[in-house]
Amino acid sequence: MSTELAGSFSRSLRARYESFKKTFFFFTRSPIATIGLAVVIFYILVGIFGPMILGGNPWKTTQIFEYNGIYIYNVPQPPSLHFPFGTTFEGYNLFNGVVKAARIDLMVAAIVVFSGAIVGTLLGSIAGYKGGALGDVIMRVTDVFLSIPFLVLAIAFLVILGRNLTVMVVALVLIWWPTYTRIVRGQVLSVRELKYVEASVAAGASSFRTIFKHVIPNSIYPIFVQVSLDFGNVILTLAALFYLGVGFAGYYTPEWGNLIGLAASLGGGLPAITRYWWTVTIPGLAILILVVSLNLLGDGLRDVMDPRLRR
Amino acid sequence: MKMYVYVIRRLILLIPVIIGVTLITFALSHANVSLLIAGYLGRVRTPQHIAIVKQELHLNLPVYEQYFYYLGNLFTGNWGYLAPTEVFDPGTPVVVEFQRRFPPTLELAVFATLLVFLMGLPLGVFSAVKKDRLTDQITRVIAMTGVSIPVFWFGLLILIAVGPNSILPMQLRLVGVGQIPPSYYYYPHSSILEPWVNTKVSGLTRPTGFLLIDTLLYGDWQAFLAGLYTLFWPSLSVAFTSFGLIVRFLRSSMLEVMNQDFIRTARSKGVPEYFVVRKHVRRNALGATTTVMGLFFAGLLGGVVVTETVFGWPGMGRWLFYAAIGGDMVSVMATTFVFTIVIVTANLIVDIIYSYLDPRVRLE
């Protein structure tokens with residue numbers, strides 16, 4: 001009995017793997033989406049290995065530094081061979097900062113998006129499959145969360161629970177599930193009516209088993225698209241919170257929004273950042289390139305996973 | 001279903017949402033009682049004073065009674081007092097600050113929404129009609145950039161381009177010197193802080209608080225144009241970062257509608273392409289687009305909060321920013337509530353307009 005179960009499990013796994021291979025083939029047919037995937041993988045590699053190679057605090061290592069006979073402390077240096085991205089105010093090596101920010105941003109985005117997706121999927125499948133009063137309550141709570149602008153809600157959480165990175169992650173997780181709940185519920189409502197779900201119920205499977213074995217695996221594909229799109233949104237929100245200085249997790253947290261915020265506030269405002277343009281432009285470009293690639297990836301996934309467009 | 005029945009039903013459906021929102025704001029504002037008390041007393045708080053404040057805020061009662069007091073205060077306009085932070089006078093009622101802060105934000109948001117529709121609808125339609133052609137690719141790149149660009153970064157780039165150090169002629173620059181942090185709400189090209197009205201000299205006031213309406217009321221065309229110019233740049237910053245969503249959604253729903261049978265019928269009976277696109281495709285695609293409006297407004301208001309901080313716009317977003325920095329929780333909760341009500345109202349208006357345009361919605 002158990003071997004039979006395991007066999008059916010591995011068979012279903014193999015079927016999923018085959019369909020994944022086919023999906024991936026269609027995905028690589030689109031050059032733009034492949035470029036997006038490549039850039040995202042590059043960022044992930046930078047996030048994993050960059051801090052290991054560079055090491056140290058970017059501020060402390062360059063704070064006292066003599067360069068061409070100039071004691072640089074507060075004057076930003078333009079991009080050069082020694083400082084590939086230049087230095088920003090107070091002698092902060094921008095290259096170090098931008099590379100290290102990749103780890104923090106991607107880590108926070110991954111935690112937030114995946115926990116949001118898991119919570120949202122569970123709640124959405126319960127609300128869609130069970131329906132009734134429980135489903136109604138879940139959907140009303142979702143409506144409430146969706147009608148509060150998430151940036152404002154995140155700021156409120158940060159003010160009340162304390163301003164540090166942990167609270168920021170928790171706050172973003174608390175904010176990020178409703179979109180998934182709504183998407184999954186819509187999917188589940190249509191999957192619920194299909195024959196194989198009916199067969200599973202008729203065979204006497206518990207609703208737990210039906211949900212986890214038949215309903216969720218077949219309604220999860222839109223979630224992948226939303227995850228890749230939401231990665232970018234989380235990174236943008238995180239950068240905005242850091243830019244505002246609301247998510248102040250230490251003065252020199254290497255985070256792209258924080259680097260921009262520091263340049264805009266430390267340098268004495270607009271005249272300084274107009275003159276030392278790289279202090280603002282380069283971290284912003286780092287965000288822009290990553291988020292554009294994530295969106296390209298998401299669009300590519302959507303095109304591939306929408307069967308109406310493929311066949 | 002008659003129109004008014006639909007509106008009433010839609011209004012009744014709002015009640016649970018608003019109750020839920022008040023529950024969340026109540027839970028958040030009473031989660032950290034010491035912060036709530038600090039907002040009233042400041043850093044020095046003796047036990048006697050704490051006891052008085054607790055008495056006044058009904059903090060000794062059971063939680064559900066506290067909630068009803070909170071609801072009562074919320075709906076009678078008793079929103080508490082500003083905390084003693086650096087920028088605000090302590091003891092100003094939050095409602096007074098709200099009345100001063102709300103019009104600039106509403107003006108910015110409405111103008112940005114107008115810009116979004118002016119840019120987004122033609123681009124979305126154009127992109128779908130010219131699918132996979134060069135114009136479509138360019139439009140998609142623009143929309144993609146708009147979705148992906150950080151709002152504050154785009155605002156800073158705009159300020160680098162049109163700010164005091166730009167290469168533009170002096171008349172076209174936004175100059176906000178004379179105030180730290182700089183504010184670009186005032187006249188362009190004045191090197192000193194020049195307010196829109198000087199009540200002490202001319203006796204004029206700001207009757208509505210909206211820049212464009214006030215300048216029009218006084219009939220000063222130059223001031224009106226200056227107001228338009230001042231309003232344009234932050235609105236562009238907000239609009240560019242939120243119009244990508246509309247363009248992308250409109251394009252995909254246009255393409256979906258174009259594949260349907262009634263479009264082929266319309267084409268085959270000889271309806272000109274112009275009318276097919278305008279009357280048959282666009283009207284049906286716009287309906288689907290209203291489903292993302294809630295998401296759109298949430299993103300737009302988030303953009304407004306950040307943009308107001310970048311441009312020094314004296315609205316709700318800048319207030320929220322200062323309150324968050326200074327730990328003024330009463331103001332934070334008030335702005336959260338107001339922003340939510342704005343979004344809920346905007347969604348309501350969109351739904352009502354849509355049900356007027358497409359009566360099928362009312363039949364559900």
# chains A, B, ... in the order shown; residues from 1 in each chain; ligands from 1
>>> residues_around(residues="Ile50 of chain B", least_positions_apart="2", cutoff="10 Å", atoms="only C-alpha atoms", output="number ranges by chain")
B: 34, 37-38, 40-41, 45-48, 52-56
>>> closest_atom_pairs(of="chain A", to="chain B", cutoff="7 Å", atoms="only C-alpha atoms", output="JSON lines")
{"residue": "A:Arg140", "atom": "CA", "partner": "B:Val17", "partner_atom": "CA", "distance": 6.9}
{"residue": "A:Asp143", "atom": "CA", "partner": "B:Val17", "partner_atom": "CA", "distance": 6.8}
{"residue": "A:Val144", "atom": "CA", "partner": "B:Val17", "partner_atom": "CA", "distance": 5.3}
{"residue": "A:Ser147", "atom": "CA", "partner": "B:Thr340", "partner_atom": "CA", "distance": 5.9}
{"residue": "A:Ile148", "atom": "CA", "partner": "B:Thr340", "partner_atom": "CA", "distance": 4.8}
{"residue": "A:Pro149", "atom": "CA", "partner": "B:Ala298", "partner_atom": "CA", "distance": 4.6}
{"residue": "A:Leu151", "atom": "CA", "partner": "B:Gly302", "partner_atom": "CA", "distance": 5.5}
{"residue": "A:Val152", "atom": "CA", "partner": "B:Thr336", "partner_atom": "CA", "distance": 6.1}
{"residue": "A:Leu153", "atom": "CA", "partner": "B:Thr336", "partner_atom": "CA", "distance": 6.8}
{"residue": "A:Ile155", "atom": "CA", "partner": "B:Ala324", "partner_atom": "CA", "distance": 6.9}
{"residue": "A:Ala156", "atom": "CA", "partner": "B:Val332", "partner_atom": "CA", "distance": 6.2}
{"residue": "A:Val159", "atom": "CA", "partner": "B:Ala324", "partner_atom": "CA", "distance": 5.8}
{"residue": "A:Ile160", "atom": "CA", "partner": "B:Asn32", "partner_atom": "CA", "distance": 6.1}
{"residue": "A:Leu236", "atom": "CA", "partner": "B:Pro150", "partner_atom": "CA", "distance": 5.8}
{"residue": "A:Ala240", "atom": "CA", "partner": "B:Phe152", "partner_atom": "CA", "distance": 6.8}
{"residue": "A:Val246", "atom": "CA", "partner": "B:Ile325", "partner_atom": "CA", "distance": 6.3}
{"residue": "A:Leu270", "atom": "CA", "partner": "B:Ile160", "partner_atom": "CA", "distance": 7.0}
{"residue": "A:Pro271", "atom": "CA", "partner": "B:Asn165", "partner_atom": "CA", "distance": 6.1}
{"residue": "A:Thr274", "atom": "CA", "partner": "B:Ile160", "partner_atom": "CA", "distance": 5.5}
{"residue": "A:Gly284", "atom": "CA", "partner": "B:Trp153", "partner_atom": "CA", "distance": 6.2}
{"residue": "A:Leu288", "atom": "CA", "partner": "B:Ile149", "partner_atom": "CA", "distance": 5.4}
{"residue": "A:Val291", "atom": "CA", "partner": "B:Ser148", "partner_atom": "CA", "distance": 5.3}
{"residue": "A:Val292", "atom": "CA", "partner": "B:Ser148", "partner_atom": "CA", "distance": 5.4}
>>> select_by_dssp(residues="segment 145-252 of chain A", states="alpha helix (DSSP H)", output="NGL selection string")
:A and (145-146 or 150-161 or 165-176 or 178-191 or 195-202 or 207-210 or 216-219 or 221-244)
>>> write_last_selection(atoms="C-alpha atoms", output="PDB file, in the first residue's frame")
ATOM      1  CA  PHE A 145      -6.283  45.042   4.252  1.00  0.00           C
ATOM      2  CA  LEU A 146      -6.437  45.759   0.529  1.00  0.00           C
ATOM      3  CA  PHE A 150       0.405  49.333   2.076  1.00  0.00           C
ATOM      4  CA  LEU A 151       3.140  51.951   2.371  1.00  0.00           C
ATOM      5  CA  VAL A 152       1.085  53.866   4.936  1.00  0.00           C
ATOM      6  CA  LEU A 153       0.245  50.686   6.843  1.00  0.00           C
ATOM      7  CA  ALA A 154       3.921  49.704   6.890  1.00  0.00           C
ATOM      8  CA  ILE A 155       4.862  53.121   8.278  1.00  0.00           C
ATOM      9  CA  ALA A 156       2.192  52.775  10.979  1.00  0.00           C
ATOM     10  CA  PHE A 157       3.505  49.335  11.968  1.00  0.00           C
ATOM     11  CA  LEU A 158       7.057  50.652  12.119  1.00  0.00           C
ATOM     12  CA  VAL A 159       6.149  53.631  14.285  1.00  0.00           C
ATOM     13  CA  ILE A 160       4.205  51.498  16.735  1.00  0.00           C
ATOM     14  CA  LEU A 161       6.338  48.379  16.988  1.00  0.00           C
ATOM     15  CA  LEU A 165      14.657  45.641  10.180  1.00  0.00           C
ATOM     16  CA  THR A 166      12.886  42.769  11.966  1.00  0.00           C
ATOM     17  CA  VAL A 167       9.762  44.800  12.538  1.00  0.00           C
ATOM     18  CA  MET A 168       9.923  45.972   8.942  1.00  0.00           C
ATOM     19  CA  VAL A 169       9.973  42.385   7.671  1.00  0.00           C
ATOM     20  CA  VAL A 170       7.145  41.376  10.003  1.00  0.00           C
ATOM     21  CA  ALA A 171       5.095  44.408   8.991  1.00  0.00           C
ATOM     22  CA  LEU A 172       5.590  43.705   5.292  1.00  0.00           C
ATOM     23  CA  VAL A 173       4.617  40.048   5.802  1.00  0.00           C
ATOM     24  CA  LEU A 174       1.452  41.141   7.612  1.00  0.00           C
ATOM     25  CA  ILE A 175       0.629  43.425   4.718  1.00  0.00           C
ATOM     26  CA  TRP A 176       1.557  41.214   1.804  1.00  0.00           C
ATOM     27  CA  PRO A 178      -4.197  39.670   0.821  1.00  0.00           C
ATOM     28  CA  THR A 179      -3.371  39.833  -2.902  1.00  0.00           C
ATOM     29  CA  TYR A 180      -2.527  36.127  -2.896  1.00  0.00           C
ATOM     30  CA  THR A 181      -5.652  35.246  -0.961  1.00  0.00           C
ATOM     31  CA  ARG A 182      -7.805  36.946  -3.549  1.00  0.00           C
ATOM     32  CA  ILE A 183      -6.022  35.355  -6.511  1.00  0.00           C
ATOM     33  CA  VAL A 184      -6.017  31.848  -5.034  1.00  0.00           C
ATOM     34  CA  ARG A 185      -9.663  32.063  -4.020  1.00  0.00           C
ATOM     35  CA  GLY A 186     -10.651  32.977  -7.562  1.00  0.00           C
ATOM     36  CA  GLN A 187      -8.660  30.025  -8.894  1.00  0.00           C
ATOM     37  CA  VAL A 188      -9.979  27.594  -6.305  1.00  0.00           C
ATOM     38  CA  LEU A 189     -13.573  28.565  -7.027  1.00  0.00           C
ATOM     39  CA  SER A 190     -13.145  27.346 -10.604  1.00  0.00           C
ATOM     40  CA  VAL A 191     -10.982  24.311  -9.754  1.00  0.00           C
ATOM     41  CA  LYS A 195     -14.365  16.361 -12.053  1.00  0.00           C
ATOM     42  CA  TYR A 196     -11.190  15.201 -10.345  1.00  0.00           C
ATOM     43  CA  VAL A 197     -12.007  17.136  -7.190  1.00  0.00           C
ATOM     44  CA  GLU A 198     -15.445  15.610  -7.233  1.00  0.00           C
ATOM     45  CA  ALA A 199     -13.834  12.179  -7.712  1.00  0.00           C
ATOM     46  CA  SER A 200     -11.525  12.769  -4.778  1.00  0.00           C
ATOM     47  CA  VAL A 201     -14.447  13.710  -2.555  1.00  0.00           C
ATOM     48  CA  ALA A 202     -16.461  10.722  -3.788  1.00  0.00           C
ATOM     49  CA  SER A 207     -11.059  17.909   2.705  1.00  0.00           C
ATOM     50  CA  PHE A 208      -7.502  18.408   4.011  1.00  0.00           C
ATOM     51  CA  ARG A 209      -6.224  15.841   1.522  1.00  0.00           C
ATOM     52  CA  THR A 210      -8.397  17.165  -1.292  1.00  0.00           C
ATOM     53  CA  ILE A 216      -3.716  23.761  -4.381  1.00  0.00           C
ATOM     54  CA  PRO A 217      -1.367  22.118  -6.939  1.00  0.00           C
ATOM     55  CA  ASN A 218      -3.813  22.944  -9.713  1.00  0.00           C
ATOM     56  CA  SER A 219      -4.538  26.525  -8.733  1.00  0.00           C
ATOM     57  CA  TYR A 221       0.327  28.737 -11.209  1.00  0.00           C
ATOM     58  CA  PRO A 222      -0.917  32.365 -11.069  1.00  0.00           C
ATOM     59  CA  ILE A 223       0.912  32.572  -7.736  1.00  0.00           C
ATOM     60  CA  PHE A 224       4.285  32.090  -9.433  1.00  0.00           C
ATOM     61  CA  VAL A 225       3.598  35.041 -11.722  1.00  0.00           C
ATOM     62  CA  GLN A 226       2.436  37.195  -8.838  1.00  0.00           C
ATOM     63  CA  VAL A 227       5.492  36.217  -6.763  1.00  0.00           C
ATOM     64  CA  SER A 228       7.915  37.327  -9.452  1.00  0.00           C
ATOM     65  CA  LEU A 229       6.029  40.605  -9.890  1.00  0.00           C
ATOM     66  CA  ASP A 230       5.733  41.166  -6.134  1.00  0.00           C
ATOM     67  CA  PHE A 231       9.452  40.714  -5.558  1.00  0.00           C
ATOM     68  CA  GLY A 232       9.900  44.009  -7.351  1.00  0.00           C
ATOM     69  CA  ASN A 233       7.101  45.661  -5.385  1.00  0.00           C
ATOM     70  CA  VAL A 234       8.592  44.617  -2.045  1.00  0.00           C
ATOM     71  CA  ILE A 235      11.990  45.952  -3.079  1.00  0.00           C
ATOM     72  CA  LEU A 236      10.427  49.267  -4.146  1.00  0.00           C
ATOM     73  CA  THR A 237       8.469  49.549  -0.870  1.00  0.00           C
ATOM     74  CA  LEU A 238      11.532  48.674   1.176  1.00  0.00           C
ATOM     75  CA  ALA A 239      13.607  51.271  -0.656  1.00  0.00           C
ATOM     76  CA  ALA A 240      10.903  53.901  -0.139  1.00  0.00           C
ATOM     77  CA  LEU A 241      10.718  53.147   3.604  1.00  0.00           C
ATOM     78  CA  PHE A 242      14.489  53.386   3.897  1.00  0.00           C
ATOM     79  CA  TYR A 243      14.597  56.552   1.805  1.00  0.00           C
ATOM     80  CA  LEU A 244      12.061  58.192   4.096  1.00  0.00           C
TER      81      LEU A 244
END
>>> atom_distance(atom1="atom CA of Ser242 of chain B", atom2="atom CA of Ile287 of chain A")
16.6 Å
>>> select_by_dssp(residues="segment 77-202 of chain A", states="strand (DSSP E)", output="mmCIF file with N, CA and C atoms, in the first residue's frame")
data_model
loop_
_atom_site.group_PDB
_atom_site.id
_atom_site.type_symbol
_atom_site.label_atom_id
_atom_site.label_comp_id
_atom_site.auth_asym_id
_atom_site.auth_seq_id
_atom_site.Cartn_x
_atom_site.Cartn_y
_atom_site.Cartn_z
ATOM 1 N N THR A 87 32.545 57.334 -4.547
ATOM 2 C CA THR A 87 32.193 57.299 -3.131
ATOM 3 C C THR A 87 31.091 58.314 -2.901
ATOM 4 N N THR A 88 30.323 58.072 -1.848
ATOM 5 C CA THR A 88 29.265 59.017 -1.527
ATOM 6 C C THR A 88 29.701 59.825 -0.311
ATOM 7 N N TYR A 92 31.847 56.971 2.042
ATOM 8 C CA TYR A 92 31.240 55.643 1.950
ATOM 9 C C TYR A 92 31.506 55.100 0.549
ATOM 10 N N ASN A 93 32.122 53.938 0.488
ATOM 11 C CA ASN A 93 32.417 53.341 -0.813
ATOM 12 C C ASN A 93 31.127 52.813 -1.424
#
>>> closest_residue(among="A:Phe89, A:Tyr43, A:Phe95, A:Tyr276", to="Met107 of chain A", atoms="only C-alpha atoms")
A:Tyr43
>>> atom_distance(atom1="atom CA of Thr241 of chain B", atom2="atom CA of Gly315 of chain B")
19.2 Å
>>> closest_residue(among="A:Ile220, A:Val99, A:Leu45, A:Ala15", to="Ile282 of chain A", atoms="only C-alpha atoms")
A:Val99
>>> closest_residue(among="B:Phe249, B:Phe26, B:Phe311, B:Phe232", to="Val125 of chain B", atoms="only C-alpha atoms")
B:Phe249
>>> residues_around(residues="segment 3-9 of chain B", least_positions_apart="3", cutoff="12 Å", atoms="only C-alpha atoms", output="short mmCIF file (atom, residue, chain, number, x, y, z; two decimals) with C-alpha atoms, in the first residue's frame")
data_model
loop_
_atom_site.label_atom_id
_atom_site.label_comp_id
_atom_site.auth_asym_id
_atom_site.auth_seq_id
_atom_site.Cartn_x
_atom_site.Cartn_y
_atom_site.Cartn_z
CA ILE B 12 -24.16 49.07 2.67
CA LEU B 13 -21.33 46.80 1.56
CA LEU B 14 -18.93 49.55 2.65
CA ILE B 15 -19.95 49.31 6.29
CA LEU B 348 -16.97 53.51 -4.79
CA ILE B 349 -16.94 56.31 -7.37
CA VAL B 350 -15.27 54.05 -9.95
CA ASP B 351 -17.84 51.32 -9.35
CA ILE B 352 -20.76 53.71 -9.66
CA ILE B 353 -19.40 55.26 -12.87
CA TYR B 354 -18.78 51.80 -14.26
CA SER B 355 -22.26 50.55 -13.39
CA TYR B 356 -23.63 53.62 -15.16
CA LEU B 357 -21.57 52.87 -18.27
CA ASP B 358 -22.17 49.12 -18.22
CA PRO B 359 -25.61 48.25 -16.77
CA ARG B 360 -24.82 44.52 -16.79
CA VAL B 361 -22.87 44.98 -13.54
CA ARG B 362 -26.04 45.91 -11.71
CA LEU B 363 -27.72 42.62 -12.63
CA GLU B 364 -25.45 40.45 -10.50
#
